[in-house]
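Structure data follow from work_20.pdb (PDB, C-alpha atoms):
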```pdb
ATOM      1  CA  MET I   1      66.786 -15.564 -55.834
ATOM      2  CA  THR I   2      66.318 -16.349 -52.155
ATOM      3  CA  ALA I   3      68.214 -19.049 -50.262
ATOM      4  CA  ASP I   4      65.136 -21.258 -50.005
ATOM      5  CA  THR I   5      64.456 -21.557 -53.743
ATOM      6  CA  LYS I   6      66.141 -23.600 -56.473
ATOM      7  CA  ALA I   7      67.488 -22.149 -59.714
ATOM      8  CA  THR I   8      64.110 -22.902 -61.318
ATOM      9  CA  GLY I   9      62.407 -20.616 -58.828
ATOM     10  CA  ALA I  10      60.532 -23.544 -57.229
ATOM     11  CA  PRO I  11      60.665 -23.850 -53.444
ATOM     12  CA  ALA I  12      63.514 -26.042 -52.228
ATOM     13  CA  ALA I  13      62.539 -29.382 -50.742
ATOM     14  CA  ARG I  14      62.559 -29.313 -46.948
ATOM     15  CA  ALA I  15      65.364 -31.325 -45.427
ATOM     16  CA  PRO I  16      64.113 -34.248 -43.359
ATOM     17  CA  ARG I  17      63.944 -33.605 -39.654
ATOM     18  CA  PRO I  18      66.671 -35.330 -37.607
ATOM     19  CA  VAL I  19      65.855 -38.693 -36.045
ATOM     20  CA  ALA I  20      66.011 -39.594 -32.362
ATOM     21  CA  LEU I  21      65.514 -43.155 -31.131
ATOM     22  CA  LEU I  22      63.301 -44.226 -28.235
ATOM     23  CA  LEU I  23      64.222 -47.641 -26.795
ATOM     24  CA  PRO I  24      61.611 -49.300 -24.556
ATOM     25  CA  GLY I  25      62.156 -51.279 -21.363
ATOM     26  CA  GLN I  26      60.433 -53.675 -18.964
ATOM     27  CA  GLY I  27      56.735 -54.018 -19.660
ATOM     28  CA  SER I  28      57.031 -53.637 -23.431
ATOM     29  CA  GLN I  29      58.041 -57.254 -23.990
ATOM     30  CA  TYR I  30      55.730 -59.875 -25.429
ATOM     31  CA  ARG I  31      56.143 -63.392 -26.767
ATOM     32  CA  ARG I  32      58.081 -63.577 -30.065
ATOM     33  CA  MET I  33      58.501 -59.793 -30.119
ATOM     34  CA  ALA I  34      59.899 -58.732 -33.515
ATOM     35  CA  ALA I  35      60.592 -62.392 -34.362
ATOM     36  CA  GLY I  36      58.904 -61.879 -37.723
ATOM     37  CA  LEU I  37      61.889 -59.761 -38.766
ATOM     38  CA  TYR I  38      64.471 -62.432 -37.987
ATOM     39  CA  ALA I  39      64.263 -64.162 -41.380
ATOM     40  CA  ALA I  40      63.321 -61.022 -43.319
ATOM     41  CA  GLU I  41      65.923 -58.473 -42.131
ATOM     42  CA  PRO I  42      69.544 -59.727 -42.140
ATOM     43  CA  VAL I  43      70.909 -56.690 -40.285
ATOM     44  CA  PHE I  44      68.392 -57.180 -37.504
ATOM     45  CA  ALA I  45      69.092 -60.912 -37.290
ATOM     46  CA  GLU I  46      72.859 -60.408 -37.207
ATOM     47  CA  ALA I  47      72.562 -57.889 -34.368
ATOM     48  CA  VAL I  48      70.293 -60.161 -32.287
ATOM     49  CA  ASP I  49      72.698 -63.050 -32.837
ATOM     50  CA  GLU I  50      75.628 -60.865 -31.808
ATOM     51  CA  VAL I  51      73.980 -59.899 -28.499
ATOM     52  CA  LEU I  52      72.679 -63.331 -27.538
ATOM     53  CA  GLY I  53      75.800 -65.054 -28.802
ATOM     54  CA  ALA I  54      77.833 -62.921 -26.385
ATOM     55  CA  MET I  55      75.738 -64.363 -23.528
ATOM     56  CA  GLY I  56      76.951 -67.910 -24.168
ATOM     57  CA  ALA I  57      74.832 -70.898 -23.194
ATOM     58  CA  GLU I  58      72.182 -68.764 -21.482
ATOM     59  CA  GLY I  59      71.988 -66.592 -24.583
ATOM     60  CA  ALA I  60      71.350 -69.698 -26.677
ATOM     61  CA  ARG I  61      68.462 -70.625 -24.378
ATOM     62  CA  MET I  62      67.120 -67.063 -24.646
ATOM     63  CA  HIS I  63      67.314 -67.282 -28.430
ATOM     64  CA  ALA I  64      65.406 -70.568 -28.469
ATOM     65  CA  ASP I  65      62.735 -69.231 -26.100
ATOM     66  CA  TRP I  66      62.389 -66.022 -28.115
ATOM     67  CA  LEU I  67      61.478 -67.938 -31.284
ATOM     68  CA  ALA I  68      59.596 -70.803 -29.628
ATOM     69  CA  GLU I  69      55.834 -71.198 -29.619
ATOM     70  CA  ARG I  70      56.154 -72.798 -26.175
ATOM     71  CA  PRO I  71      59.224 -71.302 -24.462
ATOM     72  CA  GLU I  72      60.943 -72.965 -21.521
ATOM     73  CA  LEU I  73      60.746 -69.712 -19.519
ATOM     74  CA  PRO I  74      57.967 -67.118 -20.032
ATOM     75  CA  VAL I  75      58.958 -63.845 -21.618
ATOM     76  CA  ASP I  76      58.108 -61.932 -18.422
ATOM     77  CA  HIS I  77      60.706 -63.894 -16.422
ATOM     78  CA  VAL I  78      63.672 -61.747 -15.371
ATOM     79  CA  LEU I  79      66.058 -64.034 -17.310
ATOM     80  CA  ARG I  80      64.121 -63.415 -20.502
ATOM     81  CA  ALA I  81      62.410 -60.003 -20.535
ATOM     82  CA  GLN I  82      65.378 -57.726 -19.974
ATOM     83  CA  PRO I  83      68.006 -59.524 -22.097
ATOM     84  CA  LEU I  84      65.590 -59.996 -24.986
ATOM     85  CA  LEU I  85      64.421 -56.390 -24.779
ATOM     86  CA  PHE I  86      68.044 -55.288 -24.862
ATOM     87  CA  ALA I  87      68.733 -57.509 -27.889
ATOM     88  CA  VAL I  88      65.636 -56.427 -29.843
ATOM     89  CA  ASP I  89      66.095 -52.719 -29.031
ATOM     90  CA  TYR I  90      69.730 -52.814 -30.053
ATOM     91  CA  ALA I  91      68.990 -54.775 -33.236
ATOM     92  CA  LEU I  92      66.205 -52.416 -34.335
ATOM     93  CA  GLY I  93      68.510 -49.465 -33.659
ATOM     94  CA  ARG I  94      71.137 -51.090 -35.846
ATOM     95  CA  LEU I  95      68.527 -51.643 -38.543
ATOM     96  CA  VAL I  96      67.676 -47.927 -38.576
ATOM     97  CA  THR I  97      71.329 -46.933 -38.920
ATOM     98  CA  SER I  98      71.752 -49.466 -41.753
ATOM     99  CA  TRP I  99      69.273 -47.330 -43.715
ATOM    100  CA  GLY I 100      71.775 -44.477 -43.649
ATOM    101  CA  ILE I 101      69.977 -42.658 -40.833
ATOM    102  CA  ARG I 102      72.252 -41.314 -38.112
ATOM    103  CA  PRO I 103      70.249 -40.531 -34.975
ATOM    104  CA  VAL I 104      71.101 -37.261 -33.267
ATOM    105  CA  ALA I 105      69.919 -38.483 -29.854
ATOM    106  CA  LEU I 106      68.920 -41.651 -28.006
ATOM    107  CA  LEU I 107      66.549 -42.104 -25.072
ATOM    108  CA  GLY I 108      65.992 -45.484 -23.470
ATOM    109  CA  HIS I 109      63.506 -46.500 -20.787
ATOM    110  CA  SER I 110      65.088 -48.644 -18.042
ATOM    111  CA  ILE I 111      66.966 -51.501 -19.806
ATOM    112  CA  GLY I 112      66.478 -49.451 -22.981
ATOM    113  CA  GLU I 113      69.156 -47.080 -21.689
ATOM    114  CA  MET I 114      71.692 -49.905 -21.890
ATOM    115  CA  ALA I 115      70.687 -50.431 -25.527
ATOM    116  CA  ALA I 116      70.968 -46.680 -26.147
ATOM    117  CA  ALA I 117      74.421 -46.563 -24.548
ATOM    118  CA  THR I 118      75.587 -49.527 -26.623
ATOM    119  CA  LEU I 119      74.330 -47.980 -29.866
ATOM    120  CA  ALA I 120      76.159 -44.795 -28.862
ATOM    121  CA  GLY I 121      79.416 -46.687 -28.323
ATOM    122  CA  VAL I 122      79.627 -46.370 -24.530
ATOM    123  CA  PHE I 123      79.802 -50.166 -24.272
ATOM    124  CA  THR I 124      80.854 -52.781 -26.785
ATOM    125  CA  VAL I 125      78.147 -55.329 -27.516
ATOM    126  CA  ARG I 126      80.133 -58.040 -25.731
ATOM    127  CA  ASP I 127      80.636 -55.919 -22.619
ATOM    128  CA  ALA I 128      77.018 -54.767 -22.544
ATOM    129  CA  ALA I 129      75.816 -58.352 -22.903
ATOM    130  CA  ARG I 130      78.024 -59.337 -19.977
ATOM    131  CA  VAL I 131      76.605 -56.524 -17.818
ATOM    132  CA  VAL I 132      72.986 -57.335 -18.701
ATOM    133  CA  LEU I 133      73.420 -61.071 -18.090
ATOM    134  CA  ASP I 134      75.141 -60.418 -14.753
ATOM    135  CA  ARG I 135      72.322 -58.055 -13.756
ATOM    136  CA  VAL I 136      69.448 -60.410 -14.484
ATOM    137  CA  THR I 137      71.241 -63.395 -12.970
ATOM    138  CA  ARG I 138      71.574 -61.476  -9.713
ATOM    139  CA  LEU I 139      67.943 -60.406  -9.814
ATOM    140  CA  THR I 140      66.637 -63.966 -10.033
ATOM    141  CA  ALA I 141      67.066 -64.038  -6.238
ATOM    142  CA  ALA I 142      64.847 -60.963  -5.724
ATOM    143  CA  PRO I 143      61.490 -61.517  -3.979
ATOM    144  CA  PRO I 144      58.299 -61.855  -6.033
ATOM    145  CA  GLY I 145      56.871 -58.510  -6.997
ATOM    146  CA  GLY I 146      56.109 -56.346  -9.929
ATOM    147  CA  MET I 147      54.948 -52.986 -11.203
ATOM    148  CA  LEU I 148      51.585 -51.254 -11.432
ATOM    149  CA  ALA I 149      50.678 -48.623 -14.039
ATOM    150  CA  VAL I 150      48.383 -45.974 -12.547
ATOM    151  CA  ALA I 151      46.550 -43.208 -14.390
ATOM    152  CA  GLU I 152      47.433 -40.539 -11.834
ATOM    153  CA  SER I 153      50.288 -38.160 -11.091
ATOM    154  CA  ALA I 154      53.143 -39.331  -8.903
ATOM    155  CA  ALA I 155      52.372 -36.671  -6.294
ATOM    156  CA  SER I 156      48.730 -37.738  -5.944
ATOM    157  CA  LEU I 157      49.781 -41.330  -5.244
ATOM    158  CA  GLU I 158      52.037 -40.538  -2.298
ATOM    159  CA  PRO I 159      49.297 -41.243   0.329
ATOM    160  CA  PHE I 160      48.874 -44.781  -1.022
ATOM    161  CA  LEU I 161      52.519 -45.812  -0.863
ATOM    162  CA  GLY I 162      53.955 -48.049   1.808
ATOM    163  CA  GLY I 163      55.103 -51.584   2.524
ATOM    164  CA  GLY I 164      58.004 -51.141   0.119
ATOM    165  CA  VAL I 165      55.813 -49.855  -2.733
ATOM    166  CA  VAL I 166      57.305 -46.728  -4.316
ATOM    167  CA  VAL I 167      57.019 -44.633  -7.465
ATOM    168  CA  GLY I 168      59.181 -46.601  -9.872
ATOM    169  CA  ALA I 169      58.642 -44.552 -13.020
ATOM    170  CA  VAL I 170      57.141 -41.224 -14.075
ATOM    171  CA  ASN I 171      56.109 -41.915 -17.660
ATOM    172  CA  ALA I 172      53.782 -38.951 -18.222
ATOM    173  CA  PRO I 173      52.096 -36.260 -16.097
ATOM    174  CA  ARG I 174      49.240 -38.675 -15.295
ATOM    175  CA  GLN I 175      50.941 -41.987 -16.031
ATOM    176  CA  THR I 176      52.882 -43.324 -13.056
ATOM    177  CA  VAL I 177      54.311 -46.784 -12.447
ATOM    178  CA  LEU I 178      54.561 -48.154  -8.906
ATOM    179  CA  GLY I 179      56.967 -50.925  -7.984
ATOM    180  CA  GLY I 180      57.268 -53.169  -4.976
ATOM    181  CA  PRO I 181      56.876 -56.606  -3.366
ATOM    182  CA  GLU I 182      53.961 -58.733  -4.501
ATOM    183  CA  ASP I 183      51.652 -58.643  -1.463
ATOM    184  CA  ALA I 184      52.089 -54.929  -0.799
ATOM    185  CA  LEU I 185      51.702 -54.050  -4.483
ATOM    186  CA  ARG I 186      48.520 -56.095  -4.736
ATOM    187  CA  ALA I 187      47.075 -54.339  -1.701
ATOM    188  CA  VAL I 188      47.875 -50.913  -3.122
ATOM    189  CA  GLY I 189      46.263 -51.878  -6.427
ATOM    190  CA  GLU I 190      43.089 -53.027  -4.696
ATOM    191  CA  THR I 191      42.900 -49.795  -2.710
ATOM    192  CA  LEU I 192      43.344 -47.657  -5.822
ATOM    193  CA  ARG I 193      40.743 -49.550  -7.835
ATOM    194  CA  ALA I 194      38.281 -49.352  -4.937
ATOM    195  CA  ARG I 195      38.586 -45.583  -5.212
ATOM    196  CA  GLY I 196      37.908 -45.619  -8.946
ATOM    197  CA  ILE I 197      41.536 -45.087  -9.982
ATOM    198  CA  THR I 198      42.700 -47.007 -13.046
ATOM    199  CA  ALA I 199      45.568 -49.316 -12.082
ATOM    200  CA  GLN I 200      46.876 -52.159 -14.226
ATOM    201  CA  ARG I 201      49.724 -54.594 -13.699
ATOM    202  CA  VAL I 202      52.766 -54.131 -15.913
ATOM    203  CA  PRO I 203      54.160 -57.387 -17.373
ATOM    204  CA  ALA I 204      56.902 -58.046 -14.813
ATOM    205  CA  LEU I 205      57.536 -60.704 -12.209
ATOM    206  CA  SER I 206      60.118 -58.727 -10.226
ATOM    207  CA  PRO I 207      59.817 -55.478  -8.197
ATOM    208  CA  PHE I 208      61.948 -53.327 -10.522
ATOM    209  CA  HIS I 209      62.741 -49.744  -9.569
ATOM    210  CA  SER I 210      61.990 -50.303  -5.906
ATOM    211  CA  PRO I 211      64.082 -50.854  -2.752
ATOM    212  CA  ALA I 212      63.148 -54.556  -2.809
ATOM    213  CA  ILE I 213      65.593 -54.988  -5.692
ATOM    214  CA  ALA I 214      68.510 -53.196  -4.016
ATOM    215  CA  PRO I 215      70.043 -56.072  -1.978
ATOM    216  CA  HIS I 216      70.068 -58.267  -5.077
ATOM    217  CA  ALA I 217      71.668 -55.644  -7.323
ATOM    218  CA  ARG I 218      74.741 -55.425  -5.086
ATOM    219  CA  GLY I 219      77.908 -56.676  -6.705
ATOM    220  CA  ALA I 220      77.042 -55.388 -10.149
ATOM    221  CA  GLU I 221      79.234 -52.350  -9.554
ATOM    222  CA  ALA I 222      82.338 -54.541  -9.272
ATOM    223  CA  VAL I 223      81.562 -56.173 -12.625
ATOM    224  CA  LEU I 224      80.950 -52.808 -14.273
ATOM    225  CA  ALA I 225      84.271 -51.527 -12.940
ATOM    226  CA  THR I 226      86.036 -54.108 -15.134
ATOM    227  CA  VAL I 227      84.198 -52.989 -18.281
ATOM    228  CA  GLU I 228      85.514 -50.198 -20.469
ATOM    229  CA  ARG I 229      83.141 -47.290 -20.957
ATOM    230  CA  ARG I 230      83.707 -44.661 -23.639
ATOM    231  CA  PRO I 231      82.204 -41.207 -24.218
ATOM    232  CA  PRO I 232      79.004 -41.564 -26.287
ATOM    233  CA  ARG I 233      79.298 -40.826 -30.005
ATOM    234  CA  THR I 234      75.632 -39.740 -29.959
ATOM    235  CA  VAL I 235      73.851 -37.790 -27.241
ATOM    236  CA  VAL I 236      72.170 -40.170 -24.785
ATOM    237  CA  HIS I 237      69.362 -38.662 -22.716
ATOM    238  CA  SER I 238      69.277 -40.446 -19.370
ATOM    239  CA  CYS I 239      65.877 -41.643 -18.153
ATOM    240  CA  TYR I 240      67.287 -41.498 -14.620
ATOM    241  CA  THR I 241      68.638 -37.928 -14.512
ATOM    242  CA  ALA I 242      66.379 -36.506 -17.267
ATOM    243  CA  ALA I 243      69.453 -34.902 -18.833
ATOM    244  CA  ALA I 244      72.170 -35.860 -21.291
ATOM    245  CA  LEU I 245      74.644 -38.384 -19.952
ATOM    246  CA  THR I 246      77.761 -36.683 -18.608
ATOM    247  CA  ALA I 247      81.325 -37.957 -18.801
ATOM    248  CA  GLN I 248      81.273 -38.422 -15.034
ATOM    249  CA  GLN I 249      78.165 -40.622 -15.180
ATOM    250  CA  VAL I 250      79.530 -42.687 -18.050
ATOM    251  CA  ALA I 251      82.715 -43.354 -16.062
ATOM    252  CA  ASP I 252      80.933 -44.187 -12.796
ATOM    253  CA  PRO I 253      80.139 -47.914 -12.354
ATOM    254  CA  ALA I 254      77.664 -47.032  -9.589
ATOM    255  CA  TYR I 255      75.516 -45.053 -12.043
ATOM    256  CA  TRP I 256      74.960 -48.106 -14.255
ATOM    257  CA  ALA I 257      74.684 -50.587 -11.387
ATOM    258  CA  ALA I 258      71.802 -48.629  -9.833
ATOM    259  CA  HIS I 259      69.549 -48.784 -12.912
ATOM    260  CA  PRO I 260      67.299 -51.648 -11.728
ATOM    261  CA  VAL I 261      66.692 -49.842  -8.407
ATOM    262  CA  ASP I 262      66.493 -46.158  -9.300
ATOM    263  CA  GLN I 263      63.331 -44.328 -10.330
ATOM    264  CA  VAL I 264      62.800 -43.858 -14.062
ATOM    265  CA  ARG I 265      62.025 -40.235 -14.969
ATOM    266  CA  PHE I 266      60.985 -40.855 -18.539
ATOM    267  CA  TRP I 267      58.610 -37.922 -19.057
ATOM    268  CA  PRO I 268      61.091 -35.244 -17.885
ATOM    269  CA  ALA I 269      63.734 -36.881 -20.102
ATOM    270  CA  LEU I 270      61.320 -36.997 -23.047
ATOM    271  CA  ASP I 271      60.433 -33.353 -22.492
ATOM    272  CA  GLY I 272      64.114 -32.438 -22.629
ATOM    273  CA  LEU I 273      64.422 -34.311 -25.906
ATOM    274  CA  LEU I 274      61.251 -33.040 -27.601
ATOM    275  CA  ALA I 275      60.726 -29.534 -26.234
ATOM    276  CA  PRO I 276      63.038 -27.873 -28.808
ATOM    277  CA  GLY I 277      60.955 -29.475 -31.604
ATOM    278  CA  GLY I 278      62.022 -30.461 -35.091
ATOM    279  CA  LEU I 279      62.557 -34.200 -34.542
ATOM    280  CA  VAL I 280      61.301 -37.506 -35.851
ATOM    281  CA  VAL I 281      61.233 -39.884 -32.898
ATOM    282  CA  VAL I 282      61.475 -43.534 -33.890
ATOM    283  CA  GLU I 283      60.544 -46.159 -31.318
ATOM    284  CA  ALA I 284      63.107 -48.906 -31.905
ATOM    285  CA  GLY I 285      61.695 -51.741 -29.836
ATOM    286  CA  PRO I 286      58.672 -53.967 -29.376
ATOM    287  CA  GLY I 287      55.218 -52.480 -29.053
ATOM    288  CA  ARG I 288      54.293 -48.805 -28.981
ATOM    289  CA  THR I 289      54.393 -47.892 -25.310
ATOM    290  CA  LEU I 290      56.890 -45.063 -25.717
ATOM    291  CA  SER I 291      55.234 -43.890 -28.940
ATOM    292  CA  SER I 292      51.910 -43.548 -27.123
ATOM    293  CA  LEU I 293      53.620 -41.445 -24.450
ATOM    294  CA  ALA I 294      55.427 -39.283 -27.008
ATOM    295  CA  LEU I 295      52.156 -38.624 -28.848
ATOM    296  CA  ARG I 296      50.945 -36.770 -25.731
ATOM    297  CA  HIS I 297      53.839 -34.315 -25.796
ATOM    298  CA  PRO I 298      52.955 -30.755 -26.892
ATOM    299  CA  SER I 299      55.681 -30.665 -29.554
ATOM    300  CA  VAL I 300      54.158 -33.727 -31.227
ATOM    301  CA  ARG I 301      50.568 -32.544 -30.841
ATOM    302  CA  ARG I 302      51.344 -29.278 -32.583
ATOM    303  CA  GLY I 303      53.271 -31.028 -35.384
ATOM    304  CA  ASP I 304      56.803 -29.907 -34.565
ATOM    305  CA  CYS I 305      57.826 -33.526 -33.964
ATOM    306  CA  MET I 306      56.647 -36.780 -35.522
ATOM    307  CA  VAL I 307      56.444 -40.253 -33.944
ATOM    308  CA  VAL I 308      57.263 -43.405 -35.919
ATOM    309  CA  PRO I 309      57.000 -46.845 -34.235
ATOM    310  CA  LEU I 310      58.814 -49.758 -35.876
ATOM    311  CA  SER I 311      56.686 -52.515 -34.308
ATOM    312  CA  PRO I 312      52.979 -53.343 -34.181
ATOM    313  CA  LYS I 313      50.964 -52.123 -31.216
ATOM    314  CA  ARG I 314      50.534 -55.616 -29.789
ATOM    315  CA  ALA I 315      51.703 -59.172 -30.336
ATOM    316  CA  GLY I 316      50.723 -60.740 -33.632
ATOM    317  CA  GLY I 317      52.155 -62.950 -36.323
ATOM    318  CA  PRO I 318      55.355 -62.548 -38.365
ATOM    319  CA  GLU I 319      53.481 -60.651 -41.059
ATOM    320  CA  ASP I 320      52.381 -58.037 -38.524
ATOM    321  CA  ASP I 321      56.037 -57.320 -37.690
ATOM    322  CA  ARG I 322      56.894 -56.879 -41.361
ATOM    323  CA  VAL I 323      53.842 -54.717 -42.101
ATOM    324  CA  ALA I 324      54.597 -52.412 -39.171
ATOM    325  CA  LEU I 325      58.204 -52.048 -40.278
ATOM    326  CA  GLY I 326      57.074 -51.301 -43.829
ATOM    327  CA  GLU I 327      54.735 -48.593 -42.578
ATOM    328  CA  ALA I 328      57.589 -47.054 -40.611
ATOM    329  CA  VAL I 329      59.820 -47.063 -43.690
ATOM    330  CA  ASP I 330      57.069 -45.378 -45.713
ATOM    331  CA  ALA I 331      56.706 -42.683 -43.037
ATOM    332  CA  LEU I 332      60.443 -42.019 -43.016
ATOM    333  CA  ARG I 333      60.523 -41.879 -46.820
ATOM    334  CA  GLY I 334      57.638 -39.433 -46.654
ATOM    335  CA  GLU I 335      59.774 -37.304 -44.351
ATOM    336  CA  GLY I 336      62.498 -37.289 -47.028
ATOM    337  CA  TYR I 337      64.817 -40.111 -46.031
ATOM    338  CA  ARG I 338      66.094 -42.225 -48.903
ATOM    339  CA  ILE I 339      65.832 -45.743 -47.518
ATOM    340  CA  PRO I 340      66.946 -48.558 -49.837
TER     341      PRO I 340
END
```
Mind turning the file's structure into structure tokens?
Amino acid sequence: MTADTKATGAPAARAPRPVALLLPGQGSQYRRMAAGLYAAEPVFAEAVDEVLGAMGAEGARMHADWLAERPELPVDHVLRAQPLLFAVDYALGRLVTSWGIRPVALLGHSIGEMAAATLAGVFTVRDAARVVLDRVTRLTAAPPGGMLAVAESAASLEPFLGGGVVVGAVNAPRQTVLGGPEDALRAVGETLRARGITAQRVPALSPFHSPAIAPHARGAEAVLATVERRPPRTVVHSCYTAAALTAQQVADPAYWAAHPVDQVRFWPALDGLLAPGGLVVVEAGPGRTLSSLALRHPSVRRGDCMVVPLSPKRAGGPEDDRVALGEAVDALRGEGYRIP
């Protein structure tokens, strides 16, 4: 009898492939994202409450705006998008682990890396909430600006950059995000579209991942220096270095403080995660932006890896959130996970 057969002679059931979590960042947010799970999934609700509760009075306002039909501040505002993305990403990650699934790796995009690090135990929830709230409070003073998603390679866009507009994120070989001040970014977008290049604004009201943010991110390092950081219990792939977080990076306050300014190298990081194959990648966050990127990777296209989003593709009603989660659970059960 061979090692891959049971005593009956039937082939042994294949063990489920390990799970890795993808945690989205700025641009994935939308009004009432994942709010349909708040009353339906106690683990999710408890985790959201833990994050926003740690942010005090501002967290209470975020919570109210998140669930409101007519929020006081729009979800794209810097005081709402990033903290709520962090809370929802973290809470969905907690929901996955409550099913008995232990991710073998985590990869976050921009603010998603803070959620990944918190799930991995680098930060406590309270400390992470303090860092995120300090970050976005500082960035409220940044000049108007935003980000522009362009269907071209980063290298091909170099001739169009200027006026403070830079490559803010490399999301795929031909999916680049530019960031910069409002007027300069608008001019670049008009030039690109005049040349027949697809360029769409990313939902953001601030020039993330550009030098325009840098003066307003100063001071965050001093706050981070007072926060304890521990070695990750799970491998965290950095979207900034495109490699696993090192002990030196975890310990360095400057590494974390630079996140809003530094370029996001998501595709190289994703390639490092997926190239070996044999993974189920679960997007634990609103929307399916990272899932759509992962579906382009060769390891997914040839079937070595599978992509499972937890949220609907776009904003909808509470039932859409619950249906999408149910479909994700069915996919994971089909892979062999025994989810209660």
Once the PyMOL selection byres ((chain I and resi 206) around 7) has been applied to the shown file, what residues remain in the selection, as a PyMOL selection string? chain I and resi 78+142-146+204-205+207-208
Write the residues you've just listed into a file as a short mmCIF file (atom, residue, chain, number, x, y, z; two decimals), keeping the file's coordinate frame, and include C-alpha atoms for each of them.
```
data_model
loop_
_atom_site.label_atom_id
_atom_site.label_comp_id
_atom_site.auth_asym_id
_atom_site.auth_seq_id
_atom_site.Cartn_x
_atom_site.Cartn_y
_atom_site.Cartn_z
CA VAL I 78 63.67 -61.75 -15.37
CA ALA I 142 64.85 -60.96 -5.72
CA PRO I 143 61.49 -61.52 -3.98
CA PRO I 144 58.30 -61.86 -6.03
CA GLY I 145 56.87 -58.51 -7.00
CA GLY I 146 56.11 -56.35 -9.93
CA ALA I 204 56.90 -58.05 -14.81
CA LEU I 205 57.54 -60.70 -12.21
CA PRO I 207 59.82 -55.48 -8.20
CA PHE I 208 61.95 -53.33 -10.52
#
```
Report as a ChimeraX atom specification the residues that result from applying the PyMOL selection byres ((chain I and resi 110-126) around 7) to the structure here. /I:23-26,51,54,82,86,89-90,106-109,127-130,228-234,236,259,264
Convert the current residue selection to file output with C-alpha atoms, as a compact mmCIF listing (two decimals), keeping the file's coordinate frame.
```
# COMPACT_ATOMS: atom_id res chain seq x y z
CA LEU I 23 64.22 -47.64 -26.80
CA PRO I 24 61.61 -49.30 -24.56
CA GLY I 25 62.16 -51.28 -21.36
CA GLN I 26 60.43 -53.68 -18.96
CA VAL I 51 73.98 -59.90 -28.50
CA ALA I 54 77.83 -62.92 -26.38
CA GLN I 82 65.38 -57.73 -19.97
CA PHE I 86 68.04 -55.29 -24.86
CA ASP I 89 66.10 -52.72 -29.03
CA TYR I 90 69.73 -52.81 -30.05
CA LEU I 106 68.92 -41.65 -28.01
CA LEU I 107 66.55 -42.10 -25.07
CA GLY I 108 65.99 -45.48 -23.47
CA HIS I 109 63.51 -46.50 -20.79
CA ASP I 127 80.64 -55.92 -22.62
CA ALA I 128 77.02 -54.77 -22.54
CA ALA I 129 75.82 -58.35 -22.90
CA ARG I 130 78.02 -59.34 -19.98
CA GLU I 228 85.51 -50.20 -20.47
CA ARG I 229 83.14 -47.29 -20.96
CA ARG I 230 83.71 -44.66 -23.64
CA PRO I 231 82.20 -41.21 -24.22
CA PRO I 232 79.00 -41.56 -26.29
CA ARG I 233 79.30 -40.83 -30.00
CA THR I 234 75.63 -39.74 -29.96
CA VAL I 236 72.17 -40.17 -24.78
CA HIS I 259 69.55 -48.78 -12.91
CA VAL I 264 62.80 -43.86 -14.06
```
Measure the distance from atom CA of I:Arg314 to atom CA of I:Pro71 in Å and round it to one decimal. 18.7 Å
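Coordinates place atom CA of I:Arg135 at a distance of 12.9 Å from atom CA of I:Pro253.
Minimum atom-to-atom distances from I:Glu335, I:Asp304, I:Glu72, I:Glu41 to I:Arg322 were compared using only C-alpha atoms, and the lowest value belongs to I:Glu41.
Going from atom CA of I:Val75 to atom CA of I:Val281 covers 26.6 Å.
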With the PyMOL selection byres ((chain I and resi 287-297) around 10) as the selection, what would be picked from this file? Answer as JSON, numbers by chain, please. {"I": [22, 23, 24, 25, 27, 28, 29, 30, 33, 34, 108, 109, 171, 172, 173, 175, 266, 267, 270, 271, 274, 275, 281, 282, 283, 284, 285, 286, 298, 299, 300, 301, 302, 305, 306, 307, 308, 309, 310, 311, 312, 313, 314, 315, 321]}
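Considering all atoms listed in the file, the residue among I:Val188, I:Ala244, I:Ala81, I:Val43 positioned nearest to I:Ser98 is I:Val43.
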With all atoms listed in the file as the atoms that count, which of I:Gly189, I:Pro83, I:Pro318, I:Pro181 lies nearest to I:Tyr38? I:Pro318
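Considering the residues I:Trp256, I:Trp66, I:Tyr240, I:Tyr337 and counting only C-alpha atoms, I:Arg31 has its shortest atom-to-atom contact with I:Trp66.
The smallest atom-to-atom distance between I:Ala20 and any of I:Arg193, I:Arg94, I:Arg102, I:His209, using only C-alpha atoms, is found for I:Arg102.
Distances from I:Asp76, I:Glu69, I:Asp183, I:Asp134 to I:Pro203 were compared using all atoms listed in the file, and the smallest one belongs to I:Asp76.
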